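Enquirer: Encoded as structure tokens, here's the structure I'll be asking about.
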Amino acid sequence: MQDIRNIAVIAHVDHGKTTLVDGLLTQSGTFSDREQISERVMDSNDLERERGITILSKNTAINYKGTKINIIDTPGHADFGGEVERVLKMVDGVLLLVDAQEGVMPQTKFVVKKALNFGLKPIVVVNKIDKPAAEPDRVVDEVFDLFVAMGANDSQLDFPVIYAAARDGYAIAELEDERKNLEPLFQAIITHVPAPSGSVDNPLQMQVFTLDYDNYVGKIGIARVFNGRVKKGESVLLAKSDGEKESGRITKLIGFLGLARTEIESAEAGDIVAIAGFNAVDVGDSIVDPANPMPLDPMHLEEPTMSVHFAVNDSPLAGLEGKHVTANKIKDRLLKEMQTNIAMRCEEMGEGKFKVSGRGELQITILAENLRREGFEFSISRPEVIVKVEDGVKKEPFEHLVIDTPQDFSGAIIEKLGRRKAEMKAMNPMNDGYTRLEFEIPARGLIGYRSEFLTDTKGEGVMNHSFLEFREFSGSVESRKNGALISMENGEATGFSLFNIQERGALFVGPQTKVYVGMVIGEHSRDNDLDVNPIKSKHLTNMRASGSDDAIKLVPPRELTLERALEWIEDDEILEITPQNIRIRKKILEPNLRKRAKAK
């Protein structure tokens with residue numbers, strides 16, 4: 001029997017989970033000296049590297065003095081909360097990382113609540129103790145108070161604490177200890193995390209907690225063996241979560257060590273492995289012994305709270321920049337995404353239109369950004385929240401919102417959020433002149449608020465939210481105040497013309513940008529939409545040549561990222577997304593038809 005420990009690393013966004021896993025990998029001696037290791041080695045996909053966030057939970061394993069430690073690195077954003085919840089069922093202990101300066105944050109609460117409910121006993125790692133404003137003692141007290149508030153039992157409250165600076169590669173058990181390496185953390189994992197409880201002699205029980213896809217072998221399920229032993233080529237039974245059973249063979253068995261995946265012949269109770277051979281495998285399914293099938297409890301998955309419509313791009317510039325532009329291509333790609341991303345749903349809404357639902361704007365924009373990089377061209381509508389009807393009562397999702405802001409701006413924030421139906425729950429002063437505000441707000445009220453918030457706090461505020469529950473519908477929520485500047489001509493924008501238009505509001509386009517009738521080229525400074533002509537050029541007159549006029553000074557256009565554009569648009573607008581551009585346009589391009597539709 002191999003000595004095994006299974007742990008997950010949980011924390012709020014940016015508290016250093018992935019960096020810590022890097023350190024554990026490097027110092028355990030799992031890598032040979034020849035292997036090149038990049039920074040944040042677990043964030044393998046391009047988007048994760050650029051944004052510095054973890055989107056998919058990843059697993060790795062290290063050997064430390066004869067003990068195999070399986071580590072799962074989880075995402076911190078609440079949009080990926082479903083990932084975290086599933087992972088916690090697969091492990092026997094968690095490392096809870098808390099930033100020594102920021103302390104307990106909303107996602108910390110979200111993941112801690114789940115971990116305590118599963119009966120896990122956390123090891124608290126106070127990370128980034130090298131920060132100048134770090135207060136490790138205060139943070140440990142905050143964590144203790146949080147555990148009490150979440151109803152932790154006595155053994156959970158007696159948690160071990162390790163202080164660390166993952167970036168510098170050291171951990172210490174007491175603040176005055178010598179700072180040399182991560183040895184104290186390895187020791188804490190082996191001492192405080194219980195060994196897996198199953199036995200090799202029992203009938204086989206495995207459960208799949210995340211999916212992968214390989215073009216050669218098809219769907220791969222990453223699963224934990226709870227009982228028994230599994231062998232390559234063995235005949236087993238797949239028990240679906242809806243009670244159906246299907247027999248089949250394990251064609252490939254893959255083990256993890258460091259970053260490598262290697263084919264193995266067998267695995268035992270307690271280990272985490274990947275299996276291939278079942279196309280119908282889904283998250284939460286059990287793989288059991290056909291002679292003695294005992295499926296494990298299926299997993300509860302969080303429901304989506306927000307949806308958008310993906311559709312074929314039908315603008316005048318359609319098909320000029322993308323490789324994949326047809327409805328069939330978009331459909332195949334969305335269905336492929338649904339095979340591995342179980343927190344999302346996709347349904348066909350008729351000719352070339354698909355409704356994609358997910359846990360939040362971040363999750364949906366990341367899918368859109370991935371499609372765009374793969375050469376797809378499509379359009380997206382404004383996000384809508386998913387409303388449920390229970391016993392004849394309309395219910396909508398509510399979020400728990402936490403804001404850290406310089407105190408001078410808190411008045412403006414409270415006033416604006418009040419109009420968006422937010423209810424203030426707490427207001428606490430923090431150090432350095434910051435204030436922490438806590439609200440409960442309908443998810444609809446948050447759509448489009450982030451960009452306003454950054455303007456109101458001059459970019460210094462931090463805003464985090466996580467899903468609370470479905471509550472009674474709260475009436476209408478105020479939306480964007482400003483109208484749009486809409487092009488009334490097809491062609492290329494000219495500097496001369498934009499110079500005159502910029503007095504009317506903020507521009508989204510610069511000179512030489514292709515525009516078309518019905519495309520939104522800026523934000524009007526008033527609340528109505530305004531049709532403008534961005535392609536006029538200055539004509540020659542007998543007074544002077546067209547080029548020798550006063551120098552034209554253009555304000556640089558506001559840069560549109562996918563998130564900002566998606567938050568900005570209203571119900572009568574859609575985003576046109578191509579590999580090269582993001583454009584905002586009206587659903588009805590023709591100005592007269594648009595006015596008629598509005599009058600109705």
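Residues in the structure tokens are numbered from 1 in each chain, the chains being A, B, ... in the order shown, and ligands are numbered from 1 in the order shown.
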Tell me, which residues of region 161-409 of chain A carry DSSP helix (DSSP H, G or I), written as a ChimeraX atom specification?

Expert: /A:166-168,183-192,327-340,361-373,407-409

Enquirer: Pick out the residues sitting within 10 Å of Ile250 (chain A), and hand them over as a list in words; count only C-alpha atoms, and ignore anything fewer than 2 positions along from it in its own chain.

Expert: Val230, Lys231, Lys232, Gly233, Glu234, Ser235, Val236, Leu237, Gly248, Lys252, Leu253, Ile275, Ala276, Gly277 and Phe278 of chain A

Enquirer: Measuring between only C-alpha atoms, which one of A:Lys336, A:Lys587, A:Lys131, A:Arg138 shows the shortest distance to Lys219 (chain A)?

Expert: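 Going through A:Lys336, A:Lys587, A:Lys131, A:Arg138 one by one, the smallest distance to Lys219 (chain A) is for A:Lys336.
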
Enquirer: Using only C-alpha atoms, can you tell me which of A:Pro442, A:Pro290, A:Gly284, A:Pro591 comes closest to Val532 (chain A)?

Expert: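 Of A:Pro442, A:Pro290, A:Gly284, A:Pro591, the one nearest Val532 (chain A), counting only C-alpha atoms, is A:Pro591.
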